[in-house]
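The next block holds one structure in the form of structure tokens; read it before the comments.
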Amino acid sequence: MHSISAYAKINIFLEILGKRSDGYHLLNSLFVSIGLHDELSAFEHEGLICEMYDQYGRRLVIENNIIYKAAIKLQEATGIKSGAYISVKKNIPVAAGLAGGSTDAAATLRALNILWQCGLDDFQLMQIGLSLGADVPFCIHGGAAQVSGIGEQISQTKIHEKIHLLIVNNGTQLLTKDVFKHLSAKDFSAPKPFPTTIAQIAERKNDLESTSITLEPSIGNVLSMISNLDGCMFARMSGSGPTCFGVFKDEIYLQNSIQNLPKSWFIYTESLFI
Ligand SMILES: C[C@@](CO)(OP(=O)(O)O)[C@H](O)COP(=O)(O)OP(=O)(O)OC[C@H]1O[C@@H](n2ccc(N)nc2=O)[C@H](O)[C@@H]1O
Ligand SMILES: Nc1ncnc2c1ncn2[C@@H]1O[C@H](COP(=O)(O)OP(=O)(O)O)[C@@H](O)[C@H]1O
């Protein structure tokens with residue numbers, strides 16, 4: 001048996017620089033893994049079976065689960081024909097801009113690489129991961145990173161500052177492909193140097209935000225509610241949304257920020273180095 005934590009990510013800023021001929025978009029983004037995670041365990045088994053549960057232990061059915069696709073890609077890449085029973089406790093909101101599916105795919109590759117003794121290194125796992133989704137290579141890498149290309153070019157940042165995050169999901173869902181489909185070239189950014197301080201990051205943006213707000217107007221309300229909280233330096237959407245976050249001046253402002261938010265929202269706070 002092998003167990004792995006599959007961490008969610010947020011995009012602290014996300015600029016779209018252009019569109020490739022295959023329809024994929026070129027990014028310039030600061031990706032950060034957060035502590036919120038799904039819990040994945042893989043057991044030796046004949047055939048491939050995946051079961052998902054929510055935080056209350058109730059069965060969850062996700063059609064076309066990317067976990068199966070990840071397991072099959074690994075079998076194809078290595079020629080290994082072993083099976084597995086994979087159990088996942090799903091804590092990350094689905095279709096939320098938090099890479100919930102991508103991180104499960106990354107964790108599946110990692111866990112099965114060990115369970116099946118494939119012996120692949122991270123670079124090889126990231127190459128297989130890219131064929132599953134643009135976010136998967138970063139989910140294998142983790143941490144805080146400058147991400148470009150369509151998601152496959154990953155390098156270290158030079159920020160080294162503590163960041164206090166309020167992360168909010170209001171329960172709506174958006175599909176990444178729908179947001180990119182509605183994105184227009186006027187929303188693209190010109191290439192700029194990668195920021196080195198939080199003050200510089202505050203000046204950047206998420207180029208998908210206005211398209212996502214058009215598709216899901218409640219995101220605009222979430223952003224203005226976060227912006228108006230005491231101590232909020234800036235509020236922004238993560239990925240293609242609808243999850244949004246606020247960056248706060250310090251931990252005290254961060255803890256106070258959650259007092260007056262709607263109880264039905266998914267709320268997560270964390271202070272971490274980026
Ligand atoms: C927008 C981002 C930012 O981190 O995150 P999410 O909002 O999904 O979390 C990612 O680029 C999402 O990556 P991921 O969710 O893995 O995307 P994929 O499954 O590969 O692609 C879904 C669809 O999104 C579009 N897509 C995705 C990535 C990219 N760089 N350009 C694109 O145009 C494509 O139309 C593709 O068909
Ligand atoms: N293991 C999985 N976890 C979450 N979503 C999954 C999974 N497998 C497939 N999906 C599908 O992937 C889509 C995007 O989900 P997700 O990765 O959570 O979005 P995002 O990348 O925006 O955070 C959803 O429509 C969902 O049905």
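Each chain in the structure tokens gets a letter, A, B, ..., in the order shown, and its residues are numbered from 1; ligands are numbered from 1 in order too.
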
I want to know what sits within 12 Å of Leu272 of chain A, based on only C-alpha atoms, with residues of the same chain fewer than 6 positions away left out; could you give that as JSON, numbers by chain?
{"A": [32, 33, 34, 35, 143, 144, 160, 161, 162, 163, 164, 165, 166, 247, 248, 250, 251]}

I need the residues from that last selection saved to file as a PDB file, in the first residue's frame (with N, CA and C atoms), if you can.
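Once written, result_26.pdb looks like this:
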```pdb
ATOM      1  N   VAL A  32       1.249  28.220  -6.562  1.00  0.00           N
ATOM      2  CA  VAL A  32       1.646  27.897  -5.187  1.00  0.00           C
ATOM      3  C   VAL A  32       0.808  26.722  -4.682  1.00  0.00           C
ATOM      4  N   SER A  33       1.477  25.665  -4.228  1.00  0.00           N
ATOM      5  CA  SER A  33       0.764  24.553  -3.574  1.00  0.00           C
ATOM      6  C   SER A  33       0.308  25.013  -2.205  1.00  0.00           C
ATOM      7  N   ILE A  34      -0.914  24.650  -1.836  1.00  0.00           N
ATOM      8  CA  ILE A  34      -1.411  24.989  -0.497  1.00  0.00           C
ATOM      9  C   ILE A  34      -1.622  23.690   0.294  1.00  0.00           C
ATOM     10  N   GLY A  35      -1.855  23.845   1.597  1.00  0.00           N
ATOM     11  CA  GLY A  35      -1.966  22.659   2.466  1.00  0.00           C
ATOM     12  C   GLY A  35      -3.226  21.844   2.238  1.00  0.00           C
ATOM     13  N   GLY A 143       5.223  23.068  -4.426  1.00  0.00           N
ATOM     14  CA  GLY A 143       5.921  24.246  -3.900  1.00  0.00           C
ATOM     15  C   GLY A 143       5.387  25.535  -4.499  1.00  0.00           C
ATOM     16  N   ALA A 144       6.301  26.505  -4.650  1.00  0.00           N
ATOM     17  CA  ALA A 144       5.944  27.781  -5.295  1.00  0.00           C
ATOM     18  C   ALA A 144       6.828  27.883  -6.528  1.00  0.00           C
ATOM     19  N   HIS A 160      10.712  34.651  -1.687  1.00  0.00           N
ATOM     20  CA  HIS A 160      11.112  34.422  -0.291  1.00  0.00           C
ATOM     21  C   HIS A 160      10.413  35.372   0.703  1.00  0.00           C
ATOM     22  N   GLU A 161       9.099  35.482   0.590  1.00  0.00           N
ATOM     23  CA  GLU A 161       8.324  36.282   1.557  1.00  0.00           C
ATOM     24  C   GLU A 161       7.185  35.421   2.076  1.00  0.00           C
ATOM     25  N   LYS A 162       6.697  35.778   3.289  1.00  0.00           N
ATOM     26  CA  LYS A 162       5.552  35.059   3.856  1.00  0.00           C
ATOM     27  C   LYS A 162       4.269  35.701   3.331  1.00  0.00           C
ATOM     28  N   ILE A 163       3.305  34.869   3.022  1.00  0.00           N
ATOM     29  CA  ILE A 163       2.060  35.359   2.450  1.00  0.00           C
ATOM     30  C   ILE A 163       0.899  34.790   3.282  1.00  0.00           C
ATOM     31  N   HIS A 164      -0.105  35.651   3.577  1.00  0.00           N
ATOM     32  CA  HIS A 164      -1.232  35.247   4.434  1.00  0.00           C
ATOM     33  C   HIS A 164      -2.483  35.170   3.553  1.00  0.00           C
ATOM     34  N   LEU A 165      -2.998  33.962   3.384  1.00  0.00           N
ATOM     35  CA  LEU A 165      -4.022  33.716   2.360  1.00  0.00           C
ATOM     36  C   LEU A 165      -5.373  33.339   2.939  1.00  0.00           C
ATOM     37  N   LEU A 166      -6.423  34.026   2.451  1.00  0.00           N
ATOM     38  CA  LEU A 166      -7.807  33.605   2.682  1.00  0.00           C
ATOM     39  C   LEU A 166      -8.314  33.060   1.345  1.00  0.00           C
ATOM     40  N   VAL A 247      -4.992  38.275  -0.178  1.00  0.00           N
ATOM     41  CA  VAL A 247      -3.691  38.277   0.500  1.00  0.00           C
ATOM     42  C   VAL A 247      -3.761  39.346   1.584  1.00  0.00           C
ATOM     43  N   PHE A 248      -3.473  38.930   2.832  1.00  0.00           N
ATOM     44  CA  PHE A 248      -3.646  39.812   3.989  1.00  0.00           C
ATOM     45  C   PHE A 248      -2.310  40.276   4.552  1.00  0.00           C
ATOM     46  N   ASP A 250      -1.259  40.545   7.696  1.00  0.00           N
ATOM     47  CA  ASP A 250      -0.652  39.662   8.690  1.00  0.00           C
ATOM     48  C   ASP A 250      -1.668  38.627   9.169  1.00  0.00           C
ATOM     49  N   GLU A 251      -1.209  37.740  10.052  1.00  0.00           N
ATOM     50  CA  GLU A 251      -2.009  36.606  10.503  1.00  0.00           C
ATOM     51  C   GLU A 251      -3.252  37.043  11.299  1.00  0.00           C
TER      52      GLU A 251
END
```

Closest atom pairs, segment 194-213 of chain A residues within 12 Å of segment 221-228 of chain A, only C-alpha atoms, as a tab-separated table:
```
residue	atom	partner	partner_atom	distance
A:Glu209	CA	A:Leu223	CA	10.1
A:Ser210	CA	A:Leu223	CA	11.5
A:Ile213	CA	A:Asn221	CA	9.3
```

Taking only C-alpha atoms and all ligand atoms into account, which residues are within 6 Å of ligand 1, as a ChimeraX atom specification?
/A:23-26,97-99,102,133-136,150-151,176-177,180,239-241

With N, CA and C atoms retained, could you export that selection as a PDB file, in the first residue's frame?
```
ATOM      1  N   GLY A  23      -4.676  25.470 -29.926  1.00  0.00           N
ATOM      2  CA  GLY A  23      -5.745  26.009 -29.078  1.00  0.00           C
ATOM      3  C   GLY A  23      -5.323  26.224 -27.630  1.00  0.00           C
ATOM      4  N   TYR A  24      -4.213  25.615 -27.206  1.00  0.00           N
ATOM      5  CA  TYR A  24      -3.730  25.819 -25.829  1.00  0.00           C
ATOM      6  C   TYR A  24      -3.125  27.214 -25.696  1.00  0.00           C
ATOM      7  N   HIS A  25      -3.237  27.777 -24.497  1.00  0.00           N
ATOM      8  CA  HIS A  25      -2.761  29.141 -24.246  1.00  0.00           C
ATOM      9  C   HIS A  25      -1.427  29.141 -23.498  1.00  0.00           C
ATOM     10  N   LEU A  26      -0.620  30.167 -23.798  1.00  0.00           N
ATOM     11  CA  LEU A  26       0.690  30.317 -23.144  1.00  0.00           C
ATOM     12  C   LEU A  26       0.516  31.155 -21.889  1.00  0.00           C
ATOM     13  N   GLY A  97     -10.761  25.712  -9.965  1.00  0.00           N
ATOM     14  CA  GLY A  97      -9.552  26.512 -10.201  1.00  0.00           C
ATOM     15  C   GLY A  97      -8.449  26.187  -9.213  1.00  0.00           C
ATOM     16  N   LEU A  98      -8.589  25.018  -8.531  1.00  0.00           N
ATOM     17  CA  LEU A  98      -7.614  24.600  -7.509  1.00  0.00           C
ATOM     18  C   LEU A  98      -6.830  23.364  -7.950  1.00  0.00           C
ATOM     19  N   ALA A  99      -7.025  22.932  -9.210  1.00  0.00           N
ATOM     20  CA  ALA A  99      -6.328  21.764  -9.767  1.00  0.00           C
ATOM     21  C   ALA A  99      -6.668  20.470  -9.025  1.00  0.00           C
ATOM     22  N   SER A 102      -6.205  17.544 -11.411  1.00  0.00           N
ATOM     23  CA  SER A 102      -4.787  17.434 -11.819  1.00  0.00           C
ATOM     24  C   SER A 102      -3.925  16.899 -10.684  1.00  0.00           C
ATOM     25  N   GLY A 133      -2.949  16.687 -18.541  1.00  0.00           N
ATOM     26  CA  GLY A 133      -3.476  18.034 -18.314  1.00  0.00           C
ATOM     27  C   GLY A 133      -2.336  19.002 -18.061  1.00  0.00           C
ATOM     28  N   ALA A 134      -2.562  20.269 -18.432  1.00  0.00           N
ATOM     29  CA  ALA A 134      -1.500  21.280 -18.370  1.00  0.00           C
ATOM     30  C   ALA A 134      -1.026  21.549 -16.935  1.00  0.00           C
ATOM     31  N   ASP A 135      -1.921  21.342 -15.955  1.00  0.00           N
ATOM     32  CA  ASP A 135      -1.580  21.598 -14.548  1.00  0.00           C
ATOM     33  C   ASP A 135      -0.831  20.436 -13.886  1.00  0.00           C
ATOM     34  N   VAL A 136      -0.840  19.268 -14.515  1.00  0.00           N
ATOM     35  CA  VAL A 136      -0.320  18.070 -13.837  1.00  0.00           C
ATOM     36  C   VAL A 136       1.192  18.161 -13.561  1.00  0.00           C
ATOM     37  N   ILE A 150       2.574  26.056 -21.648  1.00  0.00           N
ATOM     38  CA  ILE A 150       1.150  25.841 -21.325  1.00  0.00           C
ATOM     39  C   ILE A 150       1.001  25.317 -19.900  1.00  0.00           C
ATOM     40  N   GLY A 151       2.151  25.210 -19.187  1.00  0.00           N
ATOM     41  CA  GLY A 151       2.143  24.696 -17.812  1.00  0.00           C
ATOM     42  C   GLY A 151       3.322  23.782 -17.558  1.00  0.00           C
ATOM     43  N   THR A 176     -12.641  24.649 -16.935  1.00  0.00           N
ATOM     44  CA  THR A 176     -11.492  25.371 -17.502  1.00  0.00           C
ATOM     45  C   THR A 176     -11.662  25.586 -19.006  1.00  0.00           C
ATOM     46  N   LYS A 177     -12.094  24.519 -19.706  1.00  0.00           N
ATOM     47  CA  LYS A 177     -12.175  24.635 -21.172  1.00  0.00           C
ATOM     48  C   LYS A 177     -13.223  25.672 -21.591  1.00  0.00           C
ATOM     49  N   PHE A 180     -11.554  29.207 -21.188  1.00  0.00           N
ATOM     50  CA  PHE A 180     -10.608  29.487 -22.285  1.00  0.00           C
ATOM     51  C   PHE A 180     -11.344  29.691 -23.611  1.00  0.00           C
ATOM     52  N   GLY A 239      -6.751  30.492 -11.029  1.00  0.00           N
ATOM     53  CA  GLY A 239      -6.961  29.727 -12.260  1.00  0.00           C
ATOM     54  C   GLY A 239      -8.154  30.232 -13.038  1.00  0.00           C
ATOM     55  N   SER A 240      -9.005  29.287 -13.487  1.00  0.00           N
ATOM     56  CA  SER A 240     -10.196  29.674 -14.247  1.00  0.00           C
ATOM     57  C   SER A 240     -11.397  29.877 -13.324  1.00  0.00           C
ATOM     58  N   GLY A 241     -11.153  29.874 -11.992  1.00  0.00           N
ATOM     59  CA  GLY A 241     -12.193  30.128 -11.011  1.00  0.00           C
ATOM     60  C   GLY A 241     -13.062  28.897 -10.791  1.00  0.00           C
TER      61      GLY A 241
END
```

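Using only C-alpha atoms, the smallest distance between any of A:Ile252, A:Ala145, A:Met1, A:Leu130 and Phe273 of chain A comes from A:Ala145.
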
Check every protein, DNA and RNA residue against ligand 2, keep those with an atom at most 10 Å away (counting only C-alpha atoms and all ligand atoms), and present them as a count of residues only.
52

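The spacing separating atom CA of Ser5 of chain A from atom CA of Lys205 of chain A amounts to 29.2 Å.
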
I need the strand (DSSP E) residues of segment 85-265 of chain A per DSSP on the backbone, written as a PyMOL selection string.
chain A and resi 85-89+144-149+153-156+162-169+232-237+244-248

Suppose we keep C-alpha atoms; can you now write the selection as a compact mmCIF listing (two decimals), in the first residue's frame?
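In the end it all went to selection04.txt:
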```
# COMPACT_ATOMS: atom_id res chain seq x y z
CA TYR A 85 -7.28 -0.31 -5.96
CA ILE A 86 -7.14 3.45 -5.37
CA SER A 87 -9.11 5.14 -2.61
CA VAL A 88 -9.39 8.94 -2.43
CA LYS A 89 -10.79 11.18 0.27
CA ALA A 144 5.94 27.78 -5.30
CA ALA A 145 7.05 28.15 -8.90
CA GLN A 146 7.16 30.36 -11.94
CA VAL A 147 5.17 28.48 -14.60
CA SER A 148 5.18 29.19 -18.32
CA GLY A 149 4.58 27.46 -21.65
CA GLN A 153 7.97 25.05 -17.97
CA ILE A 154 8.54 25.25 -14.22
CA SER A 155 11.27 27.21 -12.46
CA GLN A 156 12.08 28.51 -8.99
CA LYS A 162 5.55 35.06 3.86
CA ILE A 163 2.06 35.36 2.45
CA HIS A 164 -1.23 35.25 4.43
CA LEU A 165 -4.02 33.72 2.36
CA LEU A 166 -7.81 33.60 2.68
CA ILE A 167 -9.19 31.18 0.08
CA VAL A 168 -12.91 31.21 -0.66
CA ASN A 169 -15.13 29.01 -2.83
CA CYS A 232 -6.72 42.78 2.60
CA MET A 233 -3.85 43.86 0.29
CA PHE A 234 -5.46 42.44 -2.85
CA ALA A 235 -8.10 39.92 -3.90
CA ARG A 236 -7.90 37.75 -6.99
CA MET A 237 -9.38 34.67 -8.66
CA CYS A 244 -10.90 33.44 -5.13
CA PHE A 245 -8.36 34.45 -2.54
CA GLY A 246 -7.24 37.49 -0.58
CA VAL A 247 -3.69 38.28 0.50
CA PHE A 248 -3.65 39.81 3.99
```

What residues in segment 50-81 of chain A get the DSSP label helix (DSSP H, G or I)? Please answer as a ChimeraX atom specification.
/A:66-78

Go ahead and compute the interatomic distance for atom CA of Asp207 of chain A and atom CA of Ser189 of chain A, in Å to one decimal.
7.4 Å

Restricting the calculation to only C-alpha atoms: of A:Ile140, A:Leu261, A:Ala202, A:Ala185, which residue gets closest to Tyr7 of chain A?
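Counting only C-alpha atoms, the residue closest to Tyr7 of chain A is A:Ile140.
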
Rounded to one decimal, what separation in Å do you get between atom CA of Thr214 of chain A and atom CA of Ser21 of chain A?
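Atom-to-atom, atom CA of Thr214 of chain A to atom CA of Ser21 of chain A, that is 25.4 Å.
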